[in-house]
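Student: Below is the file structure_2.cif, with mmCIF, C-alpha atoms and all ligand atoms.
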data_structure
loop_
_atom_site.label_atom_id
_atom_site.label_comp_id
_atom_site.auth_asym_id
_atom_site.auth_seq_id
_atom_site.Cartn_x
_atom_site.Cartn_y
_atom_site.Cartn_z
CA MET A 1 80.88 88.73 76.74
CA SER A 2 83.23 90.93 74.81
CA LYS A 3 84.81 94.27 75.61
CA ILE A 4 85.09 97.30 73.35
CA VAL A 5 88.67 97.63 72.11
CA LYS A 6 88.60 100.23 69.34
CA LEU A 7 86.59 103.09 67.89
CA ASP A 8 87.14 104.76 64.57
CA ALA A 9 85.14 107.33 62.62
CA LEU A 10 85.12 109.14 59.31
CA GLU A 11 83.33 111.91 57.51
CA ILE A 12 81.04 110.53 54.77
CA LEU A 13 78.20 112.07 52.72
CA ASP A 14 74.45 111.78 53.20
CA SER A 15 71.76 111.61 50.50
CA ARG A 16 71.78 115.41 50.09
CA GLY A 17 75.53 115.41 49.55
CA ASN A 18 76.20 116.92 52.98
CA PRO A 19 78.77 115.51 55.39
CA THR A 20 77.72 113.11 58.10
CA ILE A 21 79.56 110.69 60.36
CA GLN A 22 80.24 106.96 60.11
CA VAL A 23 81.43 105.15 63.24
CA MET A 24 83.15 101.74 63.44
CA LEU A 25 83.33 100.04 66.83
CA SER A 26 85.35 96.83 67.38
CA VAL A 27 85.31 94.33 70.21
CA GLU A 28 87.88 91.84 71.57
CA SER A 29 86.78 89.04 69.27
CA GLY A 30 87.57 91.27 66.28
CA ARG A 31 83.93 91.85 65.36
CA THR A 32 82.84 95.32 64.31
CA GLY A 33 79.62 97.34 64.27
CA ILE A 34 79.11 100.18 61.80
CA ALA A 35 76.65 103.08 62.03
CA LYS A 36 75.96 105.96 59.64
CA VAL A 37 74.07 108.90 61.12
CA PRO A 38 71.12 110.67 59.36
CA SER A 39 70.32 114.40 59.36
CA GLY A 40 67.04 116.38 59.30
CA ALA A 41 66.09 119.61 57.48
CA SER A 42 62.81 120.63 59.14
CA THR A 43 64.22 120.04 62.59
CA GLY A 44 62.53 120.58 65.95
CA LYS A 45 64.01 123.38 68.11
CA ASN A 46 64.68 121.03 71.04
CA GLU A 47 66.47 118.31 69.11
CA ALA A 48 69.86 117.15 70.38
CA VAL A 49 72.63 119.15 68.71
CA GLU A 50 74.23 117.94 65.51
CA LEU A 51 77.85 119.10 65.75
CA ARG A 52 79.04 120.87 62.57
CA ASP A 53 82.51 122.38 62.13
CA GLY A 54 81.30 125.81 61.02
CA ASP A 55 84.42 126.19 58.86
CA ARG A 56 83.06 127.93 55.76
CA LYS A 57 86.02 126.79 53.69
CA ARG A 58 84.86 123.17 53.93
CA TYR A 59 81.36 122.03 52.83
CA GLY A 60 79.94 125.51 53.55
CA GLY A 61 80.57 125.00 57.27
CA LYS A 62 78.78 121.64 57.38
CA GLY A 63 81.85 119.43 57.91
CA VAL A 64 81.80 116.98 60.82
CA GLN A 65 85.54 116.63 61.50
CA ARG A 66 85.12 117.78 65.10
CA ALA A 67 82.52 115.06 65.70
CA VAL A 68 84.94 112.53 64.17
CA GLU A 69 87.72 113.75 66.48
CA ASN A 70 85.40 113.53 69.48
CA VAL A 71 84.73 109.87 68.70
CA VAL A 72 88.38 108.99 68.31
CA HIS A 73 90.01 111.18 70.97
CA VAL A 74 87.34 111.71 73.64
CA ILE A 75 84.84 108.84 73.47
CA GLN A 76 87.26 106.04 72.56
CA PRO A 77 89.42 106.32 75.70
CA ALA A 78 86.31 106.64 77.88
CA ILE A 79 84.45 103.54 76.69
CA THR A 80 87.29 101.19 75.79
CA GLY A 81 87.03 98.16 78.09
CA THR A 82 83.24 98.45 78.55
CA GLU A 83 81.20 95.30 77.83
CA VAL A 84 79.65 95.85 74.41
CA CYS A 85 76.37 94.16 75.42
CA GLU A 86 75.76 96.69 78.20
CA GLN A 87 74.02 99.22 76.02
CA GLU A 88 72.53 101.25 78.87
CA ALA A 89 75.91 101.56 80.58
CA ILE A 90 77.52 102.65 77.30
CA ASP A 91 74.80 105.22 76.63
CA GLU A 92 74.96 106.56 80.20
CA LYS A 93 78.71 107.00 79.83
CA LEU A 94 78.21 108.88 76.56
CA VAL A 95 75.63 111.20 78.10
CA ALA A 96 77.80 111.84 81.17
CA LEU A 97 80.91 112.40 79.07
CA ASP A 98 79.07 115.01 77.01
CA GLY A 99 77.78 116.68 80.16
CA THR A 100 75.16 118.94 78.52
CA SER A 101 71.39 118.41 78.31
CA ASN A 102 71.38 118.63 74.51
CA LYS A 103 74.56 116.69 73.66
CA GLY A 104 76.02 119.89 72.25
CA CYS A 105 79.50 119.27 73.59
CA LEU A 106 80.48 116.04 71.80
CA GLY A 107 77.62 116.26 69.29
CA ALA A 108 74.54 114.03 69.08
CA ASN A 109 75.85 112.84 65.69
CA ALA A 110 79.07 111.54 67.29
CA ILE A 111 77.18 110.04 70.26
CA LEU A 112 74.48 108.34 68.17
CA GLY A 113 77.11 106.89 65.84
CA VAL A 114 78.85 105.26 68.81
CA SER A 115 75.61 104.12 70.47
CA VAL A 116 74.33 102.39 67.32
CA ALA A 117 77.74 100.98 66.32
CA ALA A 118 78.00 99.41 69.80
CA ALA A 119 74.58 97.77 69.44
CA LYS A 120 75.50 96.49 65.98
CA ALA A 121 78.80 95.05 67.24
CA ALA A 122 76.97 93.39 70.14
CA ALA A 123 74.47 91.80 67.74
CA CYS A 124 77.37 90.54 65.66
CA GLU A 125 79.04 89.16 68.78
CA GLN A 126 75.90 87.15 69.53
CA ASP A 127 75.55 86.04 65.90
CA ALA A 128 72.06 87.56 65.97
CA PRO A 129 70.33 89.68 63.36
CA PHE A 130 70.13 93.25 64.66
CA TYR A 131 66.35 93.20 65.31
CA ARG A 132 66.71 90.01 67.36
CA TYR A 133 69.55 91.45 69.39
CA LEU A 134 67.46 94.53 70.19
CA ALA A 135 64.50 92.38 71.29
CA GLN A 136 64.10 88.65 71.48
CA ARG A 137 60.48 87.76 70.68
CA GLU A 138 58.42 84.71 69.88
CA ALA A 139 56.60 86.47 67.07
CA TYR A 140 57.52 89.63 65.24
CA VAL A 141 55.37 92.31 63.63
CA LEU A 142 56.39 93.93 60.35
CA PRO A 143 55.43 97.63 60.29
CA VAL A 144 52.96 99.39 58.01
CA PRO A 145 55.14 101.68 55.89
CA MET A 146 54.05 105.25 55.23
CA PHE A 147 55.43 106.39 51.88
CA ASN A 148 55.88 110.12 51.37
CA VAL A 149 54.95 110.30 47.67
CA LEU A 150 53.89 113.96 47.31
CA ASN A 151 55.96 116.77 48.79
CA GLY A 152 55.28 120.37 49.66
CA GLY A 153 56.30 122.78 52.42
CA ARG A 154 60.01 123.37 52.87
CA HIS A 155 60.80 120.30 50.78
CA ALA A 156 59.35 121.59 47.48
CA ASP A 157 59.06 124.69 45.34
CA ASN A 158 55.28 124.55 44.78
CA SER A 159 52.01 125.87 46.25
CA LEU A 160 51.60 123.22 48.91
CA ASP A 161 51.92 124.48 52.47
CA PHE A 162 51.75 120.95 53.84
CA GLN A 163 55.04 119.04 53.74
CA GLU A 164 54.17 115.35 53.32
CA PHE A 165 51.32 113.41 51.73
CA MET A 166 51.86 109.73 52.46
CA ILE A 167 50.28 106.48 51.33
CA ALA A 168 50.01 103.59 53.83
CA PRO A 169 48.98 100.18 52.40
CA VAL A 170 47.08 99.06 55.50
CA GLY A 171 44.95 96.52 53.62
CA ALA A 172 47.83 94.42 52.29
CA PRO A 173 48.19 90.92 53.76
CA SER A 174 51.97 91.16 54.18
CA PHE A 175 54.81 93.70 54.16
CA SER A 176 56.02 92.62 50.73
CA GLU A 177 52.55 93.04 49.26
CA ALA A 178 52.32 96.45 50.95
CA LEU A 179 55.54 97.46 49.22
CA GLN A 180 54.19 96.18 45.90
CA ALA A 181 50.93 98.15 46.35
CA ALA A 182 52.90 101.30 47.15
CA SER A 183 55.21 100.87 44.17
CA GLU A 184 52.25 100.35 41.81
CA THR A 185 50.49 103.41 43.23
CA PHE A 186 53.67 105.49 42.97
CA HIS A 187 53.95 104.60 39.27
CA ALA A 188 50.24 105.24 38.70
CA LEU A 189 50.74 108.66 40.30
CA LYS A 190 53.66 109.34 37.98
CA ASP A 191 51.47 108.49 34.95
CA ILE A 192 48.70 110.79 36.17
CA LEU A 193 51.12 113.66 36.81
CA GLN A 194 52.64 113.22 33.35
CA THR A 195 49.22 113.15 31.68
CA LYS A 196 48.30 116.38 33.44
CA GLY A 197 51.55 117.99 32.35
CA TYR A 198 53.09 118.16 35.82
CA GLU A 199 56.76 117.61 36.60
CA THR A 200 57.79 114.22 37.95
CA SER A 201 61.21 114.98 39.37
CA VAL A 202 61.55 113.86 43.00
CA GLY A 203 62.54 115.62 46.21
CA ASP A 204 64.79 114.73 49.15
CA GLU A 205 62.61 111.87 50.36
CA GLY A 206 61.80 110.53 46.89
CA GLY A 207 58.31 112.00 46.61
CA PHE A 208 57.08 113.99 43.61
CA ALA A 209 57.03 117.76 44.00
CA PRO A 210 54.74 119.03 41.19
CA ARG A 211 53.50 122.62 41.11
CA LEU A 212 50.01 121.77 42.28
CA ARG A 213 47.44 124.47 42.96
CA SER A 214 46.40 123.41 46.44
CA ASN A 215 46.70 120.91 49.28
CA GLU A 216 43.28 119.59 48.25
CA GLU A 217 44.54 118.84 44.73
CA ALA A 218 47.28 116.69 46.29
CA MET A 219 44.64 114.62 48.10
CA GLU A 220 42.61 114.21 44.89
CA LEU A 221 45.66 113.07 42.92
CA LEU A 222 46.57 110.48 45.53
CA GLY A 223 43.00 109.16 45.55
CA SER A 224 43.11 108.84 41.74
CA ALA A 225 46.51 107.10 41.82
CA ILE A 226 45.36 104.52 44.40
CA ASP A 227 42.24 103.93 42.33
CA LYS A 228 44.18 103.62 39.05
CA ALA A 229 46.55 101.09 40.66
CA GLY A 230 43.49 99.00 41.58
CA TYR A 231 43.37 99.52 45.35
CA GLN A 232 40.67 100.74 47.70
CA VAL A 233 41.21 104.29 49.00
CA GLY A 234 41.16 104.09 52.81
CA SER A 235 40.86 100.48 53.93
CA GLY A 236 43.25 99.33 51.16
CA ILE A 237 45.65 102.24 51.04
CA ALA A 238 45.17 105.04 53.56
CA ILE A 239 46.45 108.57 53.03
CA ASN A 240 48.37 110.19 55.89
CA LEU A 241 49.64 113.70 56.43
CA ASP A 242 52.63 115.46 57.92
CA PRO A 243 51.97 119.15 57.29
CA ALA A 244 54.99 119.98 59.54
CA ALA A 245 53.05 122.96 60.88
CA SER A 246 56.01 124.42 62.84
CA GLU A 247 57.37 125.45 59.45
CA PHE A 248 54.46 127.81 58.70
CA TYR A 249 53.85 129.09 62.23
CA GLU A 250 54.71 132.77 62.56
CA LYS A 251 54.21 134.80 65.77
CA GLY A 252 51.21 132.82 66.97
CA SER A 253 49.50 132.35 63.58
CA TYR A 254 49.60 129.75 60.84
CA VAL A 255 50.38 131.54 57.58
CA PHE A 256 49.62 129.78 54.28
CA ARG A 257 52.28 131.67 52.34
CA LYS A 258 52.68 129.16 49.53
CA SER A 259 49.01 128.97 48.55
CA ASP A 260 46.42 131.69 49.29
CA GLN A 261 48.35 133.82 51.84
CA SER A 262 45.60 133.20 54.41
CA ARG A 263 46.36 133.35 58.13
CA LYS A 264 44.78 131.10 60.72
CA SER A 265 44.69 131.14 64.51
CA SER A 266 45.37 127.98 66.46
CA SER A 267 41.64 127.31 66.99
CA GLU A 268 40.96 127.91 63.29
CA MET A 269 43.61 125.28 62.52
CA VAL A 270 41.82 122.82 64.81
CA GLU A 271 38.63 123.56 62.83
CA LEU A 272 40.54 123.06 59.57
CA TRP A 273 41.70 119.61 60.67
CA LYS A 274 38.19 118.66 61.80
CA GLU A 275 36.90 119.66 58.37
CA TRP A 276 39.71 117.79 56.56
CA LEU A 277 39.04 114.60 58.48
CA ARG A 278 35.34 114.83 57.67
CA ARG A 279 36.16 115.39 54.03
CA TYR A 280 38.93 112.77 53.80
CA PRO A 281 37.98 109.74 55.91
CA GLU A 282 40.91 107.84 54.30
CA VAL A 283 43.28 109.74 56.62
CA TYR A 284 44.07 107.87 59.84
CA SER A 285 47.26 109.68 60.84
CA LEU A 286 48.07 113.39 61.17
CA GLU A 287 51.61 114.32 62.20
CA ASP A 288 52.57 117.81 63.43
CA GLY A 289 49.14 119.27 62.62
CA LEU A 290 50.14 122.16 64.88
CA ALA A 291 53.45 123.85 65.69
CA GLU A 292 55.97 122.79 68.33
CA GLU A 293 55.44 126.02 70.36
CA ASP A 294 51.64 125.75 70.30
CA TRP A 295 51.15 123.52 73.39
CA ASP A 296 47.65 124.88 74.18
CA GLY A 297 46.63 124.33 70.57
CA TRP A 298 47.91 120.74 70.72
CA THR A 299 45.84 120.09 73.86
CA ALA A 300 42.74 121.46 72.10
CA LEU A 301 43.48 119.46 68.95
CA THR A 302 43.88 116.27 71.00
CA ARG A 303 40.65 116.97 72.91
CA GLU A 304 38.74 117.41 69.62
CA LEU A 305 40.29 114.67 67.49
CA GLY A 306 42.31 112.40 69.77
CA THR A 307 39.84 109.52 69.58
CA LYS A 308 39.27 109.80 65.83
CA VAL A 309 42.73 109.99 64.32
CA GLN A 310 46.34 109.20 65.17
CA LEU A 311 47.93 112.52 66.19
CA VAL A 312 51.68 112.05 65.81
CA ALA A 313 54.00 114.40 67.71
CA ASP A 314 57.33 114.96 65.95
CA ASP A 315 58.79 118.48 66.44
CA ILE A 316 57.03 119.01 69.79
CA PHE A 317 58.36 115.85 71.55
CA VAL A 318 61.64 115.37 69.58
CA THR A 319 62.00 111.77 70.88
CA ASN A 320 62.89 113.22 74.27
CA PRO A 321 61.61 111.22 77.30
CA LYS A 322 61.39 114.34 79.53
CA ILE A 323 59.45 116.44 77.02
CA PHE A 324 57.28 113.43 76.18
CA HIS A 325 56.32 113.05 79.87
CA LYS A 326 55.32 116.72 80.01
CA GLY A 327 53.29 116.32 76.84
CA ILE A 328 51.44 113.33 78.26
CA GLU A 329 50.56 115.38 81.37
CA ARG A 330 49.20 118.13 79.12
CA ARG A 331 47.22 115.51 77.14
CA ILE A 332 49.03 116.28 73.93
CA ALA A 333 48.82 113.87 70.96
CA ASN A 334 48.26 110.11 71.07
CA SER A 335 51.33 109.03 69.13
CA ILE A 336 55.04 109.88 69.00
CA LEU A 337 57.42 109.98 66.04
CA ILE A 338 60.68 108.21 66.85
CA LYS A 339 63.87 109.61 65.32
CA LEU A 340 67.10 108.27 66.83
CA ASN A 341 69.14 111.38 66.08
CA GLN A 342 66.64 113.73 67.73
CA ILE A 343 67.78 112.35 71.10
CA GLY A 344 71.11 110.67 70.29
CA THR A 345 71.22 107.24 71.97
CA ILE A 346 69.59 103.84 71.50
CA SER A 347 68.64 103.62 75.21
CA GLU A 348 66.78 106.95 75.31
CA THR A 349 65.04 106.07 72.04
CA LEU A 350 63.85 102.74 73.48
CA ARG A 351 62.73 104.56 76.63
CA CYS A 352 60.45 106.81 74.56
CA ILE A 353 58.88 103.73 72.96
CA GLU A 354 58.35 102.22 76.43
CA ILE A 355 56.74 105.44 77.68
CA ALA A 356 54.47 105.42 74.64
CA ARG A 357 53.43 101.85 75.32
CA SER A 358 52.68 102.36 79.00
CA ASN A 359 50.60 105.46 78.24
CA SER A 360 48.63 103.96 75.33
CA TYR A 361 50.34 106.14 72.74
CA THR A 362 51.31 104.60 69.42
CA ALA A 363 54.82 105.12 68.01
CA VAL A 364 56.05 105.55 64.44
CA ILE A 365 59.72 104.88 63.65
CA SER A 366 61.11 107.47 61.24
CA HIS A 367 63.99 108.26 58.90
CA ARG A 368 65.31 111.80 58.35
CA SER A 369 65.21 113.76 55.11
CA GLY A 370 69.02 113.39 54.92
CA GLU A 371 69.83 109.67 55.00
CA THR A 372 72.45 107.06 54.10
CA ASP A 373 72.24 103.36 53.27
CA ASP A 374 72.15 102.60 57.03
CA THR A 375 69.14 100.38 57.81
CA THR A 376 69.02 100.62 61.61
CA ILE A 377 65.44 101.93 61.65
CA ALA A 378 64.10 98.87 59.80
CA ASP A 379 65.45 96.54 62.50
CA LEU A 380 64.32 98.94 65.24
CA ALA A 381 60.75 98.91 63.91
CA VAL A 382 60.64 95.09 63.92
CA ALA A 383 62.38 94.74 67.29
CA THR A 384 60.00 97.12 69.06
CA GLY A 385 56.91 95.88 67.25
CA VAL A 386 55.44 99.40 67.07
CA GLY A 387 53.74 98.53 63.78
CA GLN A 388 54.52 101.68 61.78
CA ILE A 389 57.50 103.17 59.95
CA LYS A 390 58.04 106.12 57.65
CA ALA A 391 61.11 105.93 55.46
CA GLY A 392 60.24 108.05 52.42
CA SER A 393 58.89 107.27 49.00
CA VAL A 394 59.23 104.17 46.82
CA CYS A 395 62.38 105.40 45.10
CA ARG A 396 65.89 106.72 45.96
CA GLY A 397 68.45 104.20 47.16
CA GLU A 398 68.74 105.45 50.73
CA ARG A 399 64.95 105.05 51.23
CA ILE A 400 64.72 101.70 49.43
CA ALA A 401 67.57 100.36 51.58
CA LYS A 402 65.22 100.44 54.59
CA TYR A 403 62.33 98.81 52.73
CA ASN A 404 64.63 96.15 51.25
CA ARG A 405 65.96 95.40 54.73
CA LEU A 406 62.36 94.87 55.88
CA LEU A 407 61.82 92.47 52.95
CA GLU A 408 64.91 90.58 54.04
CA ILE A 409 63.65 90.37 57.65
CA GLU A 410 60.22 89.22 56.46
CA HIS A 411 61.86 86.53 54.35
CA GLU A 412 64.07 85.37 57.20
CA LEU A 413 61.22 85.24 59.74
CA GLY A 414 58.71 83.46 57.50
CA HIS A 415 55.60 82.48 59.49
CA ARG A 416 57.06 84.00 62.68
CA ALA A 417 56.34 87.45 61.21
CA SER A 418 52.93 89.03 60.77
CA TYR A 419 52.11 92.36 59.13
CA ALA A 420 50.65 95.13 61.30
CA GLY A 421 48.26 95.99 58.42
CA SER A 422 44.56 96.60 58.94
CA GLY A 423 44.75 96.71 62.75
CA VAL A 424 46.66 99.99 62.50
CA TYR A 425 43.84 101.50 60.43
CA SER A 426 40.81 100.00 62.17
CA ARG A 427 41.99 101.35 65.53
CA TRP A 428 40.77 104.76 64.32
CA LYS A 429 37.89 103.76 62.04
P1 LIG B 501 63.22 116.11 58.55
O1 LIG B 501 61.74 115.84 57.99
O2 LIG B 501 63.98 114.84 58.61
O3 LIG B 501 63.75 117.09 57.54
O4 LIG B 501 63.06 116.73 59.92
C1 LIG B 501 60.96 114.74 58.33
C2 LIG B 501 59.74 115.05 59.19
O5 LIG B 501 59.38 116.22 59.43
O6 LIG B 501 59.10 114.11 59.67
ZN ZN B 502 57.50 115.39 60.80
#
Output the file's structure as structure tokens, nothing else.
Ligand code: PGA
Ligand code: ZN
Tutor:
Amino acid sequence: MSKIVKLDALEILDSRGNPTIQVMLSVESGRTGIAKVPSGASTGKNEAVELRDGDRKRYGGKGVQRAVENVVHVIQPAITGTEVCEQEAIDEKLVALDGTSNKGCLGANAILGVSVAAAKAAACEQDAPFYRYLAQREAYVLPVPMFNVLNGGRHADNSLDFQEFMIAPVGAPSFSEALQAASETFHALKDILQTKGYETSVGDEGGFAPRLRSNEEAMELLGSAIDKAGYQVGSGIAINLDPAASEFYEKGSYVFRKSDQSRKSSSEMVELWKEWLRRYPEVYSLEDGLAEEDWDGWTALTRELGTKVQLVADDIFVTNPKIFHKGIERRIANSILIKLNQIGTISETLRCIEIARSNSYTAVISHRSGETDDTTIADLAVATGVGQIKAGSVCRGERIAKYNRLLEIEHELGHRASYAGSGVYSRWK
């Protein structure tokens, strides 16, 4: 047992060069936990509030000095003396201290930094790796990684309306071989793009953002890259989608502004996804196929496709237990995307994963498009055993940090770790 004795925080930069917060939390024994908070770009409307200074003279208003001050001057006096291992009590105090439903007073960035730093310090106190502190298990499952290798939507200046085209090496026997398969496919894709005269510069999450003609061309290129790298499209390496449909939803219609300017109703979008899944059986997961406001559409989409494909809810559930419960009642989706900073504490994040489990939903642990070298999500994926993670492409240091951490965990666990692999795919096929 060890009590919290000190909190400190500072403004650092994320992978986009924007400010974010780092929190250091120390306990009686002198041990310290450190957390660095990520930041999204295509954010859901109901996400917990990321506190920004709004002072245009610093970082275009994006500074986080107020969040830093909240950690040091408001949160520190309130949680000093609390047992560091009592994560729920710490998180409850943070939520109560903030006093709002969206953490807009102290800032979800300040609160998450403290929540994660406390958990890290507690793990250190117990001399346990972070995943083992979060959940003690007999056997651990390493997640199937989904690599966002082709970008469109808000993340790229091209003709793709859909935001993310991901490869998931479901057929690999282990996590390390999955990473190898993804890396080889990523490089095969680069060769193909170069041969076709496309650009190979990468976007925020490390995926390529070539000026392709259509969403369909992106699917064809990925199929060719998997093939060229010597893997089986589908059962070897699946292709998954996050079109991030909230981003092209305008006044009740889905508008394909970046490609052919066409406009689709919600039911036409459901038809489009049915057609896509017929045409591309290698897809087992579709995230945010409809917009966060389109609850009726989501119910219809789930009725039509909910037994055939993993329908991941990101923007619509925003890792919020209350909204998730409502969504389950409305029979929306069959999977939830888990982003710690959408809700702001470890305890509420774990609650969402519990709710998923008890309602037969799957869960996918996720990074944000703005990241740091923090590797919390890698340990969280292993601790919870959800079997899936998305942490960007197979390049850019802040993405690779998560994958390298998973390699380290796999190495440490040896035969006590299995790879989620083909079970994740065959559930839908
Ligand atoms: P974000 O994008 O981190 O910019 O929100 C990721 C996603 O939509 O899943
Ligand atoms: Zn998403």
Student: List as JSON lines every residue of segment 116-182 of chain A that is in contact with segment 79-100 of chain A, defined as an atom at most 9 Å from one of its atoms (using all atoms listed in the file), together with the nearest atom pair and the distance in Å rounded to one decimal, sorted by chain and then rising number.
Tutor:
{"residue": "A:Ala118", "atom": "CA", "partner": "A:Val84", "partner_atom": "CA", "distance": 6.1}
{"residue": "A:Ala119", "atom": "CA", "partner": "A:Gln87", "partner_atom": "CA", "distance": 6.8}
{"residue": "A:Ala121", "atom": "CA", "partner": "A:Val84", "partner_atom": "CA", "distance": 7.3}
{"residue": "A:Ala122", "atom": "CA", "partner": "A:Cys85", "partner_atom": "CA", "distance": 5.4}
{"residue": "A:Ala123", "atom": "CA", "partner": "A:Cys85", "partner_atom": "CA", "distance": 8.3}
{"residue": "A:Glu125", "atom": "CA", "partner": "A:Cys85", "partner_atom": "CA", "distance": 8.7}
Student: Considering only C-alpha atoms, return as a PyMOL selection string whatever protein or nucleic-acid residues lie within 12 Å of Phe165 of chain A, sequence-local ones (same chain, fewer than 2 positions apart) excluded.
Tutor: chain A and resi 146-153+155+160-163+167-168+205-209+215-223+238-244+283+285-287+390+392-393
Student: For the residues in that selection, give me C-alpha atoms as a PDB file, in the coordinates of the input.
Tutor:
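Saved as part00.pdb:
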ATOM      1  CA  MET A 146      54.050 105.250  55.230  1.00  0.00           C
ATOM      2  CA  PHE A 147      55.430 106.390  51.880  1.00  0.00           C
ATOM      3  CA  ASN A 148      55.880 110.120  51.370  1.00  0.00           C
ATOM      4  CA  VAL A 149      54.950 110.300  47.670  1.00  0.00           C
ATOM      5  CA  LEU A 150      53.890 113.960  47.310  1.00  0.00           C
ATOM      6  CA  ASN A 151      55.960 116.770  48.790  1.00  0.00           C
ATOM      7  CA  GLY A 152      55.280 120.370  49.660  1.00  0.00           C
ATOM      8  CA  GLY A 153      56.300 122.780  52.420  1.00  0.00           C
ATOM      9  CA  HIS A 155      60.800 120.300  50.780  1.00  0.00           C
ATOM     10  CA  LEU A 160      51.600 123.220  48.910  1.00  0.00           C
ATOM     11  CA  ASP A 161      51.920 124.480  52.470  1.00  0.00           C
ATOM     12  CA  PHE A 162      51.750 120.950  53.840  1.00  0.00           C
ATOM     13  CA  GLN A 163      55.040 119.040  53.740  1.00  0.00           C
ATOM     14  CA  ILE A 167      50.280 106.480  51.330  1.00  0.00           C
ATOM     15  CA  ALA A 168      50.010 103.590  53.830  1.00  0.00           C
ATOM     16  CA  GLU A 205      62.610 111.870  50.360  1.00  0.00           C
ATOM     17  CA  GLY A 206      61.800 110.530  46.890  1.00  0.00           C
ATOM     18  CA  GLY A 207      58.310 112.000  46.610  1.00  0.00           C
ATOM     19  CA  PHE A 208      57.080 113.990  43.610  1.00  0.00           C
ATOM     20  CA  ALA A 209      57.030 117.760  44.000  1.00  0.00           C
ATOM     21  CA  ASN A 215      46.700 120.910  49.280  1.00  0.00           C
ATOM     22  CA  GLU A 216      43.280 119.590  48.250  1.00  0.00           C
ATOM     23  CA  GLU A 217      44.540 118.840  44.730  1.00  0.00           C
ATOM     24  CA  ALA A 218      47.280 116.690  46.290  1.00  0.00           C
ATOM     25  CA  MET A 219      44.640 114.620  48.100  1.00  0.00           C
ATOM     26  CA  GLU A 220      42.610 114.210  44.890  1.00  0.00           C
ATOM     27  CA  LEU A 221      45.660 113.070  42.920  1.00  0.00           C
ATOM     28  CA  LEU A 222      46.570 110.480  45.530  1.00  0.00           C
ATOM     29  CA  GLY A 223      43.000 109.160  45.550  1.00  0.00           C
ATOM     30  CA  ALA A 238      45.170 105.040  53.560  1.00  0.00           C
ATOM     31  CA  ILE A 239      46.450 108.570  53.030  1.00  0.00           C
ATOM     32  CA  ASN A 240      48.370 110.190  55.890  1.00  0.00           C
ATOM     33  CA  LEU A 241      49.640 113.700  56.430  1.00  0.00           C
ATOM     34  CA  ASP A 242      52.630 115.460  57.920  1.00  0.00           C
ATOM     35  CA  PRO A 243      51.970 119.150  57.290  1.00  0.00           C
ATOM     36  CA  ALA A 244      54.990 119.980  59.540  1.00  0.00           C
ATOM     37  CA  VAL A 283      43.280 109.740  56.620  1.00  0.00           C
ATOM     38  CA  SER A 285      47.260 109.680  60.840  1.00  0.00           C
ATOM     39  CA  LEU A 286      48.070 113.390  61.170  1.00  0.00           C
ATOM     40  CA  GLU A 287      51.610 114.320  62.200  1.00  0.00           C
ATOM     41  CA  LYS A 390      58.040 106.120  57.650  1.00  0.00           C
ATOM     42  CA  GLY A 392      60.240 108.050  52.420  1.00  0.00           C
ATOM     43  CA  SER A 393      58.890 107.270  49.000  1.00  0.00           C
TER      44      SER A 393
END
Student: Between A:Gln136, A:Asn341, A:Ser115, A:Thr372, single out the one closest to Gly33 of chain A, counting all atoms listed in the file.
Tutor: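 Residue with the minimum atom-to-atom distance to Gly33 of chain A: A:Ser115.
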Student: What lies within 7 Å of segment 409-417 of chain A using all atoms listed in the file, ignoring chain neighbours under 2 positions off, as number ranges by chain?
Tutor: A: 139-142, 405-407, 419
Student: Tell me, as an MDAnalysis selection string, which residues lie within 9 Å of Val71 of chain A, counting only C-alpha atoms; anything in the same chain fewer than 5 positions away does not count.
Tutor: chainID A and resid 7:9 23 66 76 106 110:111 113:114
